[in-house]
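upload29.cif follows; it contains mmCIF, C-alpha atoms.
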data_work
loop_
_atom_site.label_atom_id
_atom_site.label_comp_id
_atom_site.auth_asym_id
_atom_site.auth_seq_id
_atom_site.Cartn_x
_atom_site.Cartn_y
_atom_site.Cartn_z
CA MET V 125 200.53 480.67 -55.35
CA VAL V 126 198.61 478.54 -52.85
CA THR V 127 195.03 479.61 -52.18
CA ALA V 128 192.66 478.56 -49.40
CA ALA V 129 190.19 477.29 -52.03
CA ALA V 130 192.89 475.10 -53.57
CA VAL V 131 193.76 473.68 -50.14
CA TRP V 132 190.10 472.91 -49.35
CA ALA V 133 189.74 471.20 -52.74
CA ALA V 134 192.91 469.18 -52.14
CA LEU V 135 191.80 468.13 -48.64
CA ASP V 136 188.46 467.08 -50.11
CA GLU V 137 190.40 464.46 -52.11
CA ILE V 138 191.74 462.78 -48.96
CA PRO V 139 189.64 459.74 -48.03
CA ASP V 140 189.03 458.85 -44.41
CA PRO V 141 191.61 456.09 -43.80
CA GLU V 142 189.06 453.71 -42.28
CA ILE V 143 185.88 454.68 -44.16
CA PRO V 144 187.39 455.66 -47.52
CA VAL V 145 184.06 456.51 -49.16
CA ILE V 146 184.00 459.82 -47.30
CA SER V 147 186.58 462.62 -47.49
CA LEU V 148 188.04 464.48 -44.54
CA VAL V 149 186.15 467.61 -45.64
CA ASP V 150 182.82 465.74 -45.84
CA LEU V 151 183.55 464.26 -42.43
CA GLY V 152 183.75 467.80 -41.06
CA VAL V 153 187.09 467.31 -39.32
CA VAL V 154 188.84 470.19 -41.14
CA ARG V 155 187.78 473.19 -39.12
CA ASP V 156 189.80 475.98 -40.69
CA VAL V 157 192.36 476.68 -43.39
CA ALA V 158 194.47 479.86 -43.29
CA VAL V 159 197.01 480.61 -46.02
CA ASP V 160 199.91 483.02 -45.65
CA GLY V 161 202.17 482.77 -48.71
CA GLU V 162 203.44 479.19 -48.79
CA HIS V 163 202.53 478.62 -45.18
CA VAL V 164 199.21 476.79 -44.70
CA ARG V 165 197.73 476.46 -41.26
CA ILE V 166 195.10 473.71 -40.95
CA GLU V 167 192.97 473.29 -37.86
CA PHE V 168 191.82 469.73 -37.51
CA THR V 169 189.47 468.10 -34.99
CA PRO V 170 189.63 464.34 -34.39
CA THR V 171 186.36 462.40 -34.52
CA PHE V 172 187.06 460.16 -31.55
CA LEU V 173 190.20 460.72 -29.47
CA GLY V 174 190.83 456.98 -29.65
CA CYS V 175 190.89 457.08 -33.44
CA PRO V 176 194.06 455.28 -34.57
CA ALA V 177 193.94 457.03 -37.95
CA LEU V 178 194.78 460.44 -36.52
CA GLU V 179 198.45 460.43 -37.53
CA VAL V 180 197.65 458.99 -40.97
CA MET V 181 195.22 461.85 -41.60
CA ARG V 182 197.72 464.45 -40.45
CA ARG V 183 200.40 463.08 -42.77
CA ALA V 184 197.98 462.90 -45.72
CA MET V 185 197.08 466.57 -45.23
CA GLU V 186 200.74 467.59 -45.08
CA GLU V 187 201.48 465.67 -48.28
CA LYS V 188 198.52 467.19 -50.16
CA VAL V 189 199.58 470.70 -49.23
CA ALA V 190 203.18 469.91 -50.26
CA GLU V 191 201.87 468.84 -53.71
CA LEU V 192 200.36 472.32 -54.04
CA GLY V 193 203.74 473.82 -53.24
CA GLY V 194 202.84 474.83 -49.70
CA GLN V 195 204.00 473.86 -46.26
CA ALA V 196 201.31 472.66 -43.86
CA ASP V 197 201.17 473.22 -40.15
CA VAL V 198 198.41 470.93 -38.88
CA THR V 199 197.07 471.83 -35.45
CA VAL V 200 194.93 469.21 -33.74
CA ILE V 201 192.15 470.97 -31.86
CA GLN V 202 191.25 468.92 -28.80
CA ASP V 203 188.00 470.52 -27.83
CA ASP V 204 184.31 469.81 -28.12
CA SER V 205 183.85 471.36 -31.57
CA TRP V 206 183.38 468.16 -33.60
CA SER V 207 180.18 466.22 -33.42
CA THR V 208 178.59 463.90 -35.96
CA ASP V 209 176.29 466.81 -36.89
CA ARG V 210 179.32 468.26 -38.74
CA ILE V 211 179.24 465.48 -41.35
CA SER V 212 178.01 467.15 -44.57
CA PRO V 213 174.76 466.07 -46.29
CA ALA V 214 176.88 464.76 -49.20
CA GLY V 215 179.01 462.84 -46.72
CA ARG V 216 175.96 461.28 -45.08
CA GLU V 217 174.71 460.13 -48.47
CA LYS V 218 178.11 458.62 -49.32
CA LEU V 219 178.10 456.73 -46.02
CA ARG V 220 174.64 455.35 -46.72
CA GLU V 221 175.58 454.24 -50.24
CA ALA V 222 178.57 452.38 -48.83
CA GLY V 223 176.46 450.45 -46.32
CA PHE V 224 177.00 452.63 -43.25
CA ALA V 225 173.90 454.03 -41.63
CA PRO V 226 174.74 457.72 -41.08
CA PRO V 227 174.54 459.06 -37.52
CA THR V 228 171.19 460.36 -36.34
CA PRO V 229 171.08 464.10 -35.58
CA ARG V 230 172.39 464.76 -32.11
CA ALA V 231 169.67 465.45 -29.54
CA ALA V 232 170.18 467.99 -26.76
CA GLY V 233 171.26 465.41 -24.20
CA ALA V 234 173.54 462.40 -24.25
CA THR V 235 172.57 459.33 -26.26
CA THR V 236 170.65 456.71 -24.25
CA LEU V 237 170.33 452.95 -24.64
CA VAL V 238 166.59 453.40 -25.31
CA GLN V 239 167.40 455.70 -28.26
CA LEU V 240 169.90 453.19 -29.63
CA GLN V 241 167.35 450.40 -29.36
CA SER V 242 164.63 452.44 -31.06
CA LYS V 243 163.42 451.92 -34.62
CA ALA V 244 164.87 455.24 -35.78
CA PHE V 245 167.72 453.56 -37.64
CA ARG V 246 167.24 452.73 -41.28
CA CYS V 247 168.95 449.81 -42.97
CA PRO V 248 171.33 451.23 -45.62
CA TYR V 249 170.68 448.21 -47.89
CA CYS V 250 166.88 447.90 -48.00
CA GLY V 251 165.68 451.05 -46.23
CA SER V 252 163.70 449.17 -43.58
CA THR V 253 163.46 450.58 -40.06
CA GLU V 254 163.00 447.07 -38.64
CA THR V 255 166.53 447.04 -37.30
CA ARG V 256 168.02 446.22 -33.92
CA LEU V 257 171.21 447.03 -32.05
CA GLU V 258 173.68 444.14 -32.05
CA ASN V 259 176.65 445.79 -30.39
CA ILE V 260 177.26 449.40 -29.35
CA PHE V 261 180.89 448.82 -30.31
CA GLY V 262 182.21 447.98 -33.75
CA PRO V 263 185.48 447.77 -35.68
CA THR V 264 186.48 451.35 -34.79
CA PRO V 265 185.47 453.61 -31.88
CA CYS V 266 183.05 455.56 -34.12
CA ARG V 267 180.96 452.58 -35.27
CA SER V 268 178.19 450.33 -33.85
CA ILE V 269 176.79 447.11 -35.31
CA ARG V 270 173.07 446.70 -36.14
CA TRP V 271 171.01 443.94 -37.72
CA CYS V 272 168.23 444.40 -40.28
CA GLU V 273 165.22 442.15 -39.59
CA SER V 274 163.85 442.73 -43.11
CA CYS V 275 166.79 441.86 -45.36
CA ARG V 276 168.62 439.88 -42.65
CA GLN V 277 171.84 441.74 -43.11
CA PRO V 278 174.19 443.16 -40.49
CA PHE V 279 175.28 446.75 -41.07
CA GLU V 280 177.38 449.40 -39.41
CA GLN V 281 175.99 452.51 -37.78
CA PHE V 282 178.10 455.62 -37.39
CA LYS V 283 177.76 456.49 -33.68
CA THR V 284 176.09 459.76 -32.83
CA ILE V 285 178.30 461.91 -30.65
CA MET A 285 206.27 469.93 -11.54
CA ASN A 286 203.36 472.36 -11.25
CA ALA A 287 199.90 471.44 -9.97
CA ARG A 288 198.31 471.51 -13.43
CA ALA A 289 200.82 469.06 -14.89
CA GLN A 290 200.42 466.79 -11.86
CA ARG A 291 196.66 466.78 -12.23
CA LEU A 292 196.85 466.10 -15.99
CA LEU A 293 199.27 463.23 -15.45
CA ALA A 294 197.10 461.66 -12.75
CA ILE A 295 194.11 461.48 -15.09
CA ALA A 296 196.15 460.49 -18.14
CA ASP A 297 197.88 457.70 -16.19
CA ASP A 298 194.50 456.39 -14.98
CA GLU A 299 193.24 456.23 -18.57
CA LEU A 300 196.41 454.67 -20.00
CA ILE A 301 196.78 451.99 -17.34
CA LEU A 302 193.08 451.09 -17.34
CA GLY A 303 193.09 451.02 -21.14
CA TRP A 304 196.05 448.68 -20.94
CA ARG A 305 194.39 446.43 -18.37
CA ASP A 306 191.13 446.30 -20.35
CA SER A 307 193.02 445.42 -23.51
CA GLU A 308 194.17 442.24 -21.75
CA TRP A 309 190.66 440.90 -22.48
CA THR A 310 191.16 441.16 -26.23
CA GLY A 311 190.67 437.65 -27.60
CA ILE A 312 189.54 436.07 -24.31
CA ALA A 313 186.37 437.97 -23.32
CA PRO A 314 183.39 435.72 -22.53
CA THR A 315 181.56 436.50 -25.80
CA LEU A 316 182.66 437.78 -29.18
CA GLU A 317 180.61 440.95 -28.82
CA GLU A 318 182.21 441.65 -25.47
CA ASP A 319 185.61 441.10 -27.00
CA VAL A 320 184.89 443.86 -29.53
CA ALA A 321 183.36 446.13 -26.88
CA PHE A 322 186.19 445.80 -24.40
CA SER A 323 188.86 446.27 -27.04
CA SER A 324 187.11 449.36 -28.41
CA ILE A 325 186.68 450.91 -24.95
CA ALA A 326 190.32 450.16 -24.11
CA GLN A 327 191.47 451.81 -27.34
CA ASN A 328 189.39 454.89 -26.66
CA GLU A 329 190.67 455.23 -23.06
CA ILE A 330 194.21 455.15 -24.40
CA GLY A 331 193.19 457.85 -26.90
CA HIS A 332 191.96 459.97 -23.97
CA ALA A 333 195.29 459.35 -22.24
CA ARG A 334 197.16 460.55 -25.33
CA ALA A 335 195.15 463.79 -25.51
CA LEU A 336 195.79 464.48 -21.81
CA TYR A 337 199.50 463.62 -22.10
CA GLU A 338 199.75 466.10 -24.98
CA LEU A 339 198.43 468.89 -22.77
CA ALA A 340 200.85 467.85 -20.01
CA ALA A 341 203.70 467.55 -22.50
CA SER A 342 203.32 471.15 -23.70
CA GLU A 343 203.37 472.20 -20.05
CA LEU A 344 206.51 470.15 -19.32
CA GLY A 345 208.40 470.60 -22.62
CA THR A 346 208.37 466.94 -23.61
CA ASP A 347 206.14 464.68 -25.73
CA ALA A 348 203.21 462.36 -25.04
CA ASP A 349 205.15 459.14 -25.72
CA ALA A 350 207.89 460.10 -23.30
CA LEU A 351 205.32 460.74 -20.58
CA ALA A 352 203.45 457.51 -21.31
CA PHE A 353 206.45 455.19 -21.50
CA ASP A 354 209.72 456.75 -20.32
CA ARG A 355 208.95 457.35 -16.65
CA ARG A 356 209.81 454.88 -13.90
CA PRO A 357 206.89 453.01 -12.31
CA ASP A 358 207.11 455.09 -9.12
CA GLU A 359 206.70 458.28 -11.18
CA TYR A 360 203.24 457.31 -12.44
CA ARG A 361 200.38 459.03 -10.67
CA CYS A 362 197.55 456.58 -11.41
CA ALA A 363 195.11 455.35 -8.76
CA PRO A 364 195.62 451.77 -7.49
CA LEU A 365 192.16 450.81 -8.86
CA VAL A 366 193.41 450.80 -12.45
CA GLU A 367 196.58 448.86 -11.66
CA LEU A 368 194.95 445.71 -10.31
CA HIS A 369 195.38 442.63 -12.43
CA LEU A 370 191.85 441.21 -12.39
CA MET A 371 191.49 438.13 -14.53
CA ASP A 372 187.95 437.53 -13.34
CA TRP A 373 184.92 438.89 -15.19
CA ALA A 374 182.89 439.91 -12.12
CA HIS A 375 185.74 442.08 -10.80
CA THR A 376 186.55 443.41 -14.26
CA ILE A 377 182.98 444.59 -14.82
CA ALA A 378 182.81 445.94 -11.26
CA ARG A 379 185.94 448.00 -11.94
CA ARG A 380 184.60 449.31 -15.26
CA TYR A 381 181.34 450.31 -13.58
CA LEU A 382 183.02 451.99 -10.58
CA TYR A 383 185.63 453.70 -12.74
CA GLU A 384 183.03 455.10 -15.13
CA GLU A 385 181.01 456.48 -12.21
CA ALA A 386 184.11 458.08 -10.66
CA ASP A 387 185.29 459.38 -14.03
CA ARG A 388 181.91 461.01 -14.62
CA VAL A 389 182.22 462.98 -11.36
CA ARG A 390 185.74 464.03 -12.36
CA ILE A 391 184.80 465.00 -15.94
CA ASP A 392 181.86 467.09 -14.72
CA ALA A 393 184.22 469.00 -12.42
CA LEU A 394 186.74 469.57 -15.23
CA LYS A 395 184.01 470.78 -17.61
CA ALA A 396 182.89 473.33 -15.03
CA GLY A 397 186.46 474.33 -14.08
CA ASP A 398 188.26 477.54 -15.05
CA ASP A 399 191.00 475.81 -17.09
CA ALA A 400 189.43 476.45 -20.51
CA GLU A 401 191.74 474.14 -22.44
CA LEU A 402 191.12 471.23 -20.09
CA ALA A 403 187.38 472.00 -19.91
CA GLY A 404 187.19 471.78 -23.73
CA LEU A 405 188.99 468.46 -23.78
CA ALA A 406 186.84 467.15 -20.92
CA ALA A 407 183.72 468.04 -22.92
CA LYS A 408 185.00 466.03 -25.88
CA ILE A 409 185.93 463.08 -23.67
CA ASP A 410 182.48 463.30 -22.04
CA ARG A 411 180.73 462.89 -25.42
CA GLU A 412 182.67 459.70 -26.10
CA GLU A 413 182.27 458.37 -22.56
CA THR A 414 178.52 458.22 -23.15
CA TYR A 415 179.07 454.90 -24.89
CA HIS A 416 181.39 453.53 -22.19
CA ARG A 417 178.74 454.40 -19.59
CA LEU A 418 175.99 452.67 -21.55
CA HIS A 419 178.14 449.55 -21.60
CA ALA A 420 178.96 449.74 -17.87
CA GLU A 421 175.36 450.47 -16.87
CA MET A 422 174.06 447.60 -18.98
CA TRP A 423 176.40 445.14 -17.26
CA ALA A 424 175.84 446.56 -13.79
CA GLY A 425 172.07 446.29 -14.33
CA ARG A 426 172.37 442.73 -15.55
CA LEU A 427 174.61 441.56 -12.67
CA ARG A 428 173.24 443.70 -9.82
CA SER A 429 171.68 440.76 -7.96
CA GLU A 430 174.59 438.37 -8.53
CA PRO A 431 176.59 437.77 -5.32
CA ARG A 432 179.90 437.56 -7.16
CA PHE A 433 179.39 440.97 -8.74
CA ARG A 434 178.18 442.56 -5.49
CA ASP A 435 181.16 441.19 -3.59
CA ALA A 436 183.50 442.51 -6.28
CA VAL A 437 181.95 446.00 -6.11
CA GLU A 438 182.32 446.00 -2.34
CA GLU A 439 185.92 444.81 -2.52
CA LEU A 440 186.89 447.47 -5.08
CA TRP A 441 184.93 450.30 -3.49
CA PRO A 442 187.85 451.74 -1.40
CA TYR A 443 189.93 451.70 -4.58
CA ALA A 444 187.22 453.52 -6.57
CA LEU A 445 187.15 456.30 -3.95
CA GLY A 446 190.89 456.72 -4.46
CA VAL A 447 190.32 457.84 -8.07
CA LEU A 448 188.76 461.09 -6.83
CA GLU A 449 189.76 464.03 -4.68
CA PRO A 450 188.29 463.79 -1.15
CA ASP A 451 185.73 466.55 -1.81
CA GLN A 452 184.38 464.65 -4.85
CA ARG A 453 183.86 461.35 -3.00
CA PRO A 454 180.44 462.02 -1.40
CA GLU A 455 179.02 462.51 -4.91
CA LEU A 456 180.44 459.13 -6.01
CA ALA A 457 179.04 457.43 -2.88
CA ARG A 458 175.64 458.92 -3.64
CA ARG A 459 175.72 457.75 -7.26
CA VAL A 460 176.81 454.22 -6.41
CA GLY A 461 174.71 453.93 -3.24
CA LEU A 462 177.55 452.94 -0.89
CA GLU A 463 178.88 454.45 2.35
CA LEU A 464 182.12 456.43 2.43
CA VAL A 465 185.06 454.39 3.76
CA ASP A 466 188.85 454.89 3.90
CA ALA A 467 190.16 455.07 0.34
CA ASN A 468 193.09 453.28 -1.29
CA GLU A 469 194.85 456.52 -2.13
CA ARG A 470 196.67 457.59 -5.25
CA GLY A 471 200.44 457.57 -4.80
CA GLU A 472 200.62 454.18 -3.11
CA HIS A 473 201.27 451.81 -6.00
CA THR A 474 200.49 448.10 -6.05
CA PRO A 475 203.19 445.57 -7.08
CA GLU A 476 201.02 444.88 -10.14
CA LEU A 477 201.95 448.26 -11.63
CA THR A 478 205.61 447.25 -11.94
CA GLU A 479 204.66 444.01 -13.68
CA LEU A 480 202.42 445.91 -16.09
CA TRP A 481 205.08 448.58 -16.68
CA ASN A 482 207.72 445.97 -17.50
CA GLU A 483 205.51 444.54 -20.20
CA MET A 484 204.07 447.84 -21.45
CA THR A 485 207.43 449.54 -21.96
CA GLU A 486 209.42 446.48 -23.03
CA VAL A 487 209.55 447.21 -26.76
CA ARG A 488 210.28 450.90 -26.33
CA ARG A 489 213.06 450.17 -23.84
CA SER A 490 214.60 447.66 -26.25
CA ASP A 491 215.82 450.54 -28.43
CA PRO A 492 215.71 453.87 -26.57
CA GLY A 493 215.35 456.91 -28.78
CA ALA A 494 214.42 454.93 -31.89
CA THR A 495 211.91 456.35 -34.37
CA TRP A 496 209.15 453.77 -34.68
#

Rewrite the structure of this file - the entire thing - as structure tokens.
Amino acid sequence: MVTAAAVWAALDEIPDPEIPVISLVDLGVVRDVAVDGEHVRIEFTPTFLGCPALEVMRRAMEEKVAELGGQADVTVIQDDSWSTDRISPAGREKLREAGFAPPTPRAAGATTLVQLQSKAFRCPYCGSTETRLENIFGPTPCRSIRWCESCRQPFEQFKTI
Amino acid sequence: MNARAQRLLAIADDELILGWRDSEWTGIAPTLEEDVAFSSIAQNEIGHARALYELAASELGTDADALAFDRRPDEYRCAPLVELHLMDWAHTIARRYLYEEADRVRIDALKAGDDAELAGLAAKIDREETYHRLHAEMWAGRLRSEPRFRDAVEELWPYALGVLEPDQRPELARRVGLELVDANERGEHTPELTELWNEMTEVRRSDPGATW
């Protein structure tokens, strides 16, 4: 007998393919799980539409549900419902421990260059706010590169969207 | 093909072909940081294309890959602006800047439109485009007084107008600060599209119907 709680727990074991310290559940991309007998419907929201890991995540979810004895139907929801504010507090802490500065809370309007250049970003290694933007773009669409003036270490910033 | 599918394909084709053109800078951009930025933007535009193709595919009973790669060049609905093969940095940045401004006008209209599914997707795309716009605005600000950049913007301006519907063009002209002129309209392809298509679809055509 597959239960929704068992599915959530199983999905929480799936690491993000590109930032494996955080699970899909902590990342906030699993929007809903509905169980009907063996049939499990999962609603999933991509972080960035350009994320190349989308298919990998979908397959990982299907495999996890199959291990529980269920059959997953993963629906990708292409609307505005995911933002970086959906990353859980535990997920933000895991990002920080792994050397990724977590995204800042999303303000009412769109992010500006002035905000990105501000001192609001804390170095995940030494905690200093003496950091500067190196490149808005990083190794994946969801990451930027910053530089810490205090410990002289580059680090990655999860983009706020 | 109904009007909704045609509209979705026009936007998706713009994003795919521009993403493809921008990806041609991977490895040869003028600085390492720009190499990363251009590649990342190109990847994200292709992601937007995929999402739009998926909406069109459910309308047309096919799949996103078939729409992206299995049509003939004359069946694409992209604007000539995105087709141009510009191996010059001034023109490349001018195109990015003009495209982002035109795309913003288009996205705002989609967000406010009565097609709820497309409005939701447009809102998601809009969030991500914030970062493309920051990049374009930074470059446009840096190069604004450079004659090569200004000439490139002027040269590409009729093409940029062709990205939008006629009733959306005054808003673009206002944003960019240029006068309305005759546009290079969508539907009239440049020879460059066929060259790009030959390369873009080469692997897929090598084994039609294969599972990759």

| query | Applied to this file, what does the PyMOL selection byres ((chain A) within 6 of (chain V)) return in terms of residues, put as an MDAnalysis selection string? | reply | chainID A and resid 321 324 327:328 331:332 404:405 407:408 411

| request: Can you give me, as a PyMOL selection string, the residues this file yields under the PyMOL selection byres ((chain V and resi 210-226) around 12)? | output: chain V and resi 136+139-140+142-155+169-171+204-209+227-230+244-253+255+262+266-272+277-285

| task | Just give me the gap between atom CA of A:Gly461 and atom CA of A:Pro314 in Å, one decimal is fine. | result |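 Those two atoms sit 27.9 Å apart.
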
| request: Tell me which protein, DNA and RNA residues are within 8 Å of stretch 337-340 of chain A, counting all atoms listed in the file, leaving out same-chain ones fewer than 5 positions away, and put them as an NGL selection string. | output: :A and (288-289 or 292-293 or 296 or 347-348 or 351-352)

| request: Do a neighbour search on stretch 184-198 of chain V at 7 Å with only C-alpha atoms, toss out local chain neighbours closer than 3 positions, and write the hits as a VMD selection string. | output: chain V and resid 126 131 134 to 135 162 to 168 180 to 181

| task | Decode the PyMOL selection byres ((chain A and resi 444-450) around 7) for the given file into explicit residues and return them as a ChimeraX atom specification. | result | /A:363,365,382-383,386,390,440-443,451-453,467-470

| task | Report the distance between atom CA of A:Thr485 and atom CA of A:Arg388 in Å, rounded to one decimal place. | result |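 Between atom CA of A:Thr485 and atom CA of A:Arg388 the gap works out to 28.9 Å.
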
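For the residues A:Asp306, A:Glu329, A:Glu479, A:Glu359, ranking by smallest atom-to-atom distance to A:Thr376 using all atoms listed in the file places A:Asp306 first.
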
| query | In Å, with one decimal, what is the gap from atom CA of A:Ser342 to atom CA of A:Asp297? | reply | 16.3 Å

| message | Please list, as a ChimeraX atom specification, the residues that have an atom at most 12 Å away from (174.4, 450.4, -16.8) in the coordinates of this file, counting all atoms listed in the file. | response | /V:236-238 /A:377-378,380-382,384-385,414-428,460

Filtering to C-alpha atoms, could you give me those residues as a compact mmCIF listing (two decimals), keeping the file's coordinate frame?
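Contents of selection.txt, freshly written:
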# COMPACT_ATOMS: atom_id res chain seq x y z
CA THR V 236 170.65 456.71 -24.25
CA LEU V 237 170.33 452.95 -24.64
CA VAL V 238 166.59 453.40 -25.31
CA ILE A 377 182.98 444.59 -14.82
CA ALA A 378 182.81 445.94 -11.26
CA ARG A 380 184.60 449.31 -15.26
CA TYR A 381 181.34 450.31 -13.58
CA LEU A 382 183.02 451.99 -10.58
CA GLU A 384 183.03 455.10 -15.13
CA GLU A 385 181.01 456.48 -12.21
CA THR A 414 178.52 458.22 -23.15
CA TYR A 415 179.07 454.90 -24.89
CA HIS A 416 181.39 453.53 -22.19
CA ARG A 417 178.74 454.40 -19.59
CA LEU A 418 175.99 452.67 -21.55
CA HIS A 419 178.14 449.55 -21.60
CA ALA A 420 178.96 449.74 -17.87
CA GLU A 421 175.36 450.47 -16.87
CA MET A 422 174.06 447.60 -18.98
CA TRP A 423 176.40 445.14 -17.26
CA ALA A 424 175.84 446.56 -13.79
CA GLY A 425 172.07 446.29 -14.33
CA ARG A 426 172.37 442.73 -15.55
CA LEU A 427 174.61 441.56 -12.67
CA ARG A 428 173.24 443.70 -9.82
CA VAL A 460 176.81 454.22 -6.41

| request: Using all atoms listed in the file, determine which residues lie at most 12 Å from A:His369, disregarding the query and same-chain residues fewer than 6 positions distant; provide the list as an MDAnalysis selection string. | output: chainID A and resid 301:302 304:309 375:376 379 474:480

Kindly save the residues from that selection, with C-alpha atoms included, as a PDB file, in the coordinates of the input.
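File produced: result_7.pdb:
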ATOM      1  CA  ILE A 301     196.780 451.990 -17.340  1.00  0.00           C
ATOM      2  CA  LEU A 302     193.080 451.090 -17.340  1.00  0.00           C
ATOM      3  CA  TRP A 304     196.050 448.680 -20.940  1.00  0.00           C
ATOM      4  CA  ARG A 305     194.390 446.430 -18.370  1.00  0.00           C
ATOM      5  CA  ASP A 306     191.130 446.300 -20.350  1.00  0.00           C
ATOM      6  CA  SER A 307     193.020 445.420 -23.510  1.00  0.00           C
ATOM      7  CA  GLU A 308     194.170 442.240 -21.750  1.00  0.00           C
ATOM      8  CA  TRP A 309     190.660 440.900 -22.480  1.00  0.00           C
ATOM      9  CA  HIS A 375     185.740 442.080 -10.800  1.00  0.00           C
ATOM     10  CA  THR A 376     186.550 443.410 -14.260  1.00  0.00           C
ATOM     11  CA  ARG A 379     185.940 448.000 -11.940  1.00  0.00           C
ATOM     12  CA  THR A 474     200.490 448.100  -6.050  1.00  0.00           C
ATOM     13  CA  PRO A 475     203.190 445.570  -7.080  1.00  0.00           C
ATOM     14  CA  GLU A 476     201.020 444.880 -10.140  1.00  0.00           C
ATOM     15  CA  LEU A 477     201.950 448.260 -11.630  1.00  0.00           C
ATOM     16  CA  THR A 478     205.610 447.250 -11.940  1.00  0.00           C
ATOM     17  CA  GLU A 479     204.660 444.010 -13.680  1.00  0.00           C
ATOM     18  CA  LEU A 480     202.420 445.910 -16.090  1.00  0.00           C
TER      19      LEU A 480
END

| request: Considering all atoms listed in the file, state which residue in the set V:Pro141, V:Ala130, V:Ala158, V:Arg256 is at the smallest distance from V:Glu179. | output: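 Among the listed residues, the smallest separation from V:Glu179 belongs to V:Pro141.
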